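For reference, data10.tsv (TSV, C-alpha atoms):
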```
chain	number	residue	atom	x	y	z
A	30	MET	CA	-29.37	-64.26	-99.90
A	31	ARG	CA	-27.79	-62.70	-96.92
A	32	ASN	CA	-24.08	-62.39	-96.60
A	33	ARG	CA	-22.13	-63.75	-93.64
A	34	LYS	CA	-22.08	-60.44	-91.76
A	35	GLU	CA	-25.87	-60.04	-92.02
A	36	LYS	CA	-26.36	-63.62	-90.81
A	37	GLU	CA	-24.08	-63.05	-87.82
A	38	GLN	CA	-26.02	-59.89	-86.96
A	39	LEU	CA	-29.33	-61.78	-87.23
A	40	VAL	CA	-28.05	-64.59	-84.98
A	41	LYS	CA	-26.91	-62.05	-82.39
A	42	GLU	CA	-30.27	-60.24	-82.56
A	43	MET	CA	-32.24	-63.48	-82.16
A	44	ASN	CA	-30.04	-64.57	-79.23
A	45	GLU	CA	-30.83	-61.28	-77.46
A	46	LYS	CA	-34.56	-61.72	-78.16
A	47	PHE	CA	-34.48	-65.28	-76.79
A	48	LYS	CA	-32.87	-64.00	-73.59
A	49	LYS	CA	-35.18	-60.98	-73.24
A	50	ALA	CA	-38.52	-62.66	-74.02
A	51	SER	CA	-40.71	-63.94	-71.18
A	52	MET	CA	-42.42	-66.34	-73.56
A	53	VAL	CA	-41.18	-67.86	-76.81
A	54	VAL	CA	-43.54	-70.03	-78.87
A	55	LEU	CA	-42.45	-72.05	-81.89
A	56	THR	CA	-45.13	-72.57	-84.52
A	57	ASP	CA	-45.51	-74.40	-87.78
A	58	PHE	CA	-46.74	-71.95	-90.41
A	59	HIS	CA	-46.96	-74.47	-93.26
A	60	GLY	CA	-50.02	-73.60	-95.37
A	61	MET	CA	-50.45	-70.07	-93.98
A	62	THR	CA	-51.13	-67.39	-96.53
A	63	VAL	CA	-49.35	-64.06	-96.57
A	64	ALA	CA	-52.59	-62.38	-95.45
A	65	GLU	CA	-52.90	-64.71	-92.44
A	66	SER	CA	-49.28	-64.14	-91.51
A	67	THR	CA	-49.70	-60.37	-91.81
A	68	GLN	CA	-52.83	-60.47	-89.66
A	69	LEU	CA	-51.01	-62.52	-86.99
A	70	ARG	CA	-48.06	-60.11	-86.98
A	71	ARG	CA	-50.39	-57.09	-86.70
A	72	LYS	CA	-52.41	-58.54	-83.82
A	73	LEU	CA	-49.27	-59.60	-81.95
A	74	ARG	CA	-47.71	-56.17	-82.45
A	75	GLU	CA	-50.85	-54.53	-81.00
A	76	VAL	CA	-50.40	-56.45	-77.72
A	77	GLY	CA	-46.62	-56.10	-77.51
A	78	GLY	CA	-45.65	-59.38	-79.16
A	79	GLU	CA	-43.60	-60.19	-82.21
A	80	TYR	CA	-43.61	-62.88	-84.91
A	81	LYS	CA	-40.48	-63.84	-86.84
A	82	VAL	CA	-39.66	-66.43	-89.44
A	83	VAL	CA	-35.97	-67.34	-89.55
A	84	LYS	CA	-34.12	-70.31	-91.00
A	85	ASN	CA	-33.65	-73.20	-88.56
A	86	THR	CA	-29.96	-73.49	-89.51
A	87	LEU	CA	-29.37	-69.96	-88.24
A	88	MET	CA	-31.33	-70.68	-85.05
A	89	ARG	CA	-28.86	-73.43	-84.18
A	90	TYR	CA	-26.36	-70.64	-83.55
A	91	ALA	CA	-28.86	-68.31	-81.82
A	92	TYR	CA	-30.41	-70.44	-79.07
A	93	PRO	CA	-27.32	-71.75	-77.19
A	94	GLY	CA	-27.14	-70.24	-73.72
A	95	THR	CA	-30.81	-69.24	-73.72
A	96	PRO	CA	-33.95	-70.91	-72.28
A	97	VAL	CA	-34.98	-71.78	-75.85
A	98	GLU	CA	-32.16	-74.33	-75.96
A	99	GLN	CA	-34.49	-76.64	-73.97
A	100	ILE	CA	-36.80	-76.94	-77.00
A	101	LYS	CA	-34.14	-77.05	-79.72
A	102	ASP	CA	-35.57	-80.28	-81.16
A	103	ALA	CA	-38.66	-78.33	-82.31
A	104	PHE	CA	-36.60	-76.37	-84.86
A	105	VAL	CA	-37.61	-78.72	-87.69
A	106	GLY	CA	-39.55	-77.77	-90.79
A	107	PRO	CA	-41.13	-74.35	-91.32
A	108	THR	CA	-40.81	-72.55	-87.98
A	109	GLY	CA	-42.33	-69.25	-86.94
A	110	ILE	CA	-41.27	-67.75	-83.62
A	111	VAL	CA	-43.60	-65.74	-81.39
A	112	PHE	CA	-41.97	-63.49	-78.79
A	113	ALA	CA	-43.79	-62.04	-75.76
A	114	TYR	CA	-41.84	-59.61	-73.64
A	115	ASP	CA	-44.09	-57.97	-71.02
A	116	ASP	CA	-47.74	-59.00	-71.28
A	117	ILE	CA	-47.62	-62.72	-72.02
A	118	VAL	CA	-51.35	-63.14	-71.31
A	119	SER	CA	-52.40	-60.87	-74.18
A	120	VAL	CA	-50.00	-62.60	-76.55
A	121	ALA	CA	-51.34	-65.99	-75.41
A	122	LYS	CA	-54.89	-64.79	-76.15
A	123	VAL	CA	-53.91	-63.85	-79.71
A	124	LEU	CA	-52.12	-67.18	-80.18
A	125	LYS	CA	-55.09	-69.13	-78.83
A	126	GLU	CA	-57.34	-67.34	-81.31
A	127	PHE	CA	-55.08	-68.30	-84.24
A	128	LEU	CA	-54.29	-71.83	-83.05
A	129	SER	CA	-57.89	-72.80	-82.37
A	130	SER	CA	-59.37	-71.24	-85.49
A	131	GLU	CA	-59.85	-73.49	-88.48
A	132	ASP	CA	-59.51	-70.46	-90.77
A	133	PHE	CA	-55.79	-70.14	-89.98
A	134	HIS	CA	-53.13	-72.73	-90.69
A	135	LEU	CA	-50.95	-72.05	-87.66
A	136	LYS	CA	-49.89	-75.07	-85.59
A	137	PHE	CA	-48.18	-75.22	-82.22
A	138	LYS	CA	-44.75	-76.84	-81.97
A	139	SER	CA	-43.27	-75.97	-78.59
A	140	ALA	CA	-42.87	-73.12	-76.11
A	141	VAL	CA	-40.81	-71.71	-73.26
A	142	ILE	CA	-42.61	-69.65	-70.63
A	143	GLU	CA	-40.50	-67.88	-68.01
A	144	GLY	CA	-37.57	-70.18	-68.76
A	145	LYS	CA	-39.52	-73.46	-68.57
A	146	PRO	CA	-40.73	-75.65	-71.44
A	147	ALA	CA	-44.51	-75.55	-71.97
A	148	ASP	CA	-47.11	-77.23	-74.11
A	149	GLU	CA	-50.15	-75.94	-75.97
A	150	THR	CA	-52.46	-76.39	-72.97
A	151	ALA	CA	-50.26	-74.00	-70.97
A	152	ILE	CA	-50.74	-71.36	-73.67
A	153	LYS	CA	-54.51	-71.91	-73.62
A	154	ARG	CA	-54.62	-71.68	-69.80
A	155	LEU	CA	-52.60	-68.48	-69.94
A	156	ALA	CA	-55.08	-67.08	-72.44
A	157	GLU	CA	-57.92	-67.65	-69.98
A	158	LEU	CA	-56.34	-65.37	-67.36
A	159	PRO	CA	-57.51	-61.76	-67.12
A	160	SER	CA	-55.43	-59.21	-68.98
A	161	ARG	CA	-52.89	-57.01	-67.21
A	162	GLU	CA	-55.30	-54.05	-67.22
A	163	GLU	CA	-58.08	-56.15	-65.68
A	164	LEU	CA	-55.74	-57.42	-62.96
A	165	LEU	CA	-54.60	-53.88	-62.16
A	166	SER	CA	-58.19	-52.65	-61.91
A	167	GLN	CA	-59.02	-55.54	-59.58
A	168	LEU	CA	-56.01	-54.64	-57.44
A	169	VAL	CA	-57.06	-50.98	-57.25
A	170	PHE	CA	-60.60	-51.98	-56.27
A	171	THR	CA	-59.25	-54.34	-53.60
A	172	MET	CA	-57.05	-51.58	-52.18
A	173	LYS	CA	-59.84	-48.99	-52.35
A	174	TYR	CA	-62.59	-51.16	-50.83
A	175	PRO	CA	-61.45	-50.93	-47.15
A	176	VAL	CA	-61.31	-47.13	-47.41
A	177	ASN	CA	-64.82	-47.07	-48.85
A	178	GLY	CA	-65.98	-49.33	-46.00
A	179	ILE	CA	-64.66	-46.87	-43.43
A	180	VAL	CA	-66.39	-43.97	-45.20
A	181	TRP	CA	-69.70	-45.85	-45.33
A	182	SER	CA	-69.39	-46.78	-41.62
A	183	LEU	CA	-68.65	-43.19	-40.62
A	184	GLN	CA	-71.53	-41.95	-42.73
A	185	ASN	CA	-73.87	-44.46	-41.09
A	186	LEU	CA	-72.61	-43.44	-37.64
A	187	LEU	CA	-73.09	-39.77	-38.50
A	188	THR	CA	-76.63	-40.47	-39.70
A	189	ARG	CA	-77.45	-42.22	-36.41
A	190	LEU	CA	-76.01	-39.32	-34.39
A	191	VAL	CA	-77.92	-36.66	-36.30
A	192	PHE	CA	-81.16	-38.65	-36.59
A	193	PRO	CA	-81.32	-40.96	-33.57
A	194	THR	CA	-85.06	-41.68	-33.86
A	195	ALA	CA	-85.95	-40.64	-37.40
A	196	LYS	CA	-86.34	-43.41	-39.92
A	197	SER	CA	-85.86	-41.38	-43.10
A	198	PRO	CA	-83.68	-38.27	-42.97
A	199	SER	CA	-85.09	-36.36	-45.91
A	200	ILE	CA	-84.61	-32.77	-44.66
A	201	THR	CA	-80.87	-32.78	-44.20
A	202	THR	CA	-79.86	-35.28	-46.85
A	203	LEU	CA	-77.86	-32.56	-48.57
A	204	ASN	CA	-75.83	-31.94	-45.39
A	205	LEU	CA	-75.11	-35.67	-44.97
A	206	TYR	CA	-74.12	-35.87	-48.61
A	207	SER	CA	-71.59	-33.08	-48.07
A	208	PHE	CA	-70.24	-34.91	-44.97
A	209	SER	CA	-69.81	-38.11	-47.00
A	210	ILE	CA	-67.91	-36.20	-49.70
A	211	PHE	CA	-65.69	-34.74	-46.98
A	212	PHE	CA	-64.94	-38.21	-45.54
A	213	SER	CA	-64.30	-39.73	-48.96
A	214	LEU	CA	-61.68	-37.05	-49.65
A	215	ILE	CA	-59.77	-37.94	-46.51
```
Render the structure in this file as structure tokens.
Amino acid sequence: MRNRKEKEQLVKEMNEKFKKASMVVLTDFHGMTVAESTQLRRKLREVGGEYKVVKNTLMRYAYPGTPVEQIKDAFVGPTGIVFAYDDIVSVAKVLKEFLSSEDFHLKFKSAVIEGKPADETAIKRLAELPSREELLSQLVFTMKYPVNGIVWSLQNLLTRLVFPTAKSPSITTLNLYSFSIFFSLI
């Protein structure tokens, strides 16, 4: 049993987590084994998420003034709380894996994503999005592509200037290659 001071500290900590988290998902963990719970916690931790089990009576004091207050009716029965702070897509992917698998006994109750109530389909749609790293690589490619297009155009123009009538410039390919490296560095 926790004493009153420890409970007050826990309520304060959970209130801060509710305010800080971009996504909060309430789950029913009834029937989950310790091994399943440990595996869920480990996978969530790897992607920047967190899984907590706290008494519903304490949560009544923690959620007021936070977006989680919108789903307060879901704090019934055994409740596990998933927090996602930065990369909600990766956390949603882990949750989708556990919610859709018949090997795990985790059930969805309710969720708040970016301050708005959400259902299980929203979590599954989030899980289908590319990860943050994939989106960043797509952005870099999109930003780099116009520069590459200019380099290829200049290289083609240079080839036409050096070899106006020749169909295959095999003799000076090395020189053109060095010009293309020069233009790609610019």
Which residues are close to A:Ala121, i.e. within 12 Å by all atoms listed in the file, leaving aside same-chain residues fewer than 2 positions away? Reply as a PyMOL selection string.
chain A and resi 51-54+72-73+76-79+111-119+123-129+137+140+142+149-160
Ranking A:Ile179, A:Val120, A:Met88, A:Met61 by minimum distance to A:Phe47 and counting all atoms listed in the file, which one comes first?
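Of A:Ile179, A:Val120, A:Met88, A:Met61, the one nearest A:Phe47, counting all atoms listed in the file, is A:Met88.
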Report, in Å to a single decimal, how far apart atom CA of A:Phe104 and atom CA of A:Lys46 are.
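Interatomic distance here is 16.2 Å.
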With distances taken over only C-alpha atoms, which residue among A:Leu55, A:Val63, A:Leu165, A:Val180 lies nearest A:Ile110?
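The shortest atom-to-atom distance to A:Ile110 comes from A:Leu55.
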Could you check which of A:Val105, A:Leu183, A:Leu190, A:Ala50 is closest to A:Thr86, using only C-alpha atoms?
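Smallest distance to A:Thr86 is found for A:Val105.
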Atom CA of A:Leu164 and atom CA of A:Glu75, how far apart in Å?
18.9 Å
For atom CA of A:Arg70 and atom CA of A:Thr95, quote the distance in Å rounded to one decimal.
23.6 Å
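Using all atoms listed in the file, the shortest contact distance between A:Gln38 and any of A:Trp181, A:Lys136, A:Gly94, A:Leu87 is found at A:Leu87.
Counting all atoms listed in the file, the residue from A:Leu186, A:Leu69, A:Val141, A:Val82 that sits nearest to A:Lys101 is A:Val141.
Restricting the calculation to all atoms listed in the file, the smallest distance between A:Asp132 and any of A:Ala147, A:Ile100, A:Leu187, A:Ala64 is found for A:Ala64.
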Residues at most 12 Å from A:Asp102, counting all atoms listed in the file, excluding those fewer than 4 positions away in the same chain, as a count of residues only?
13
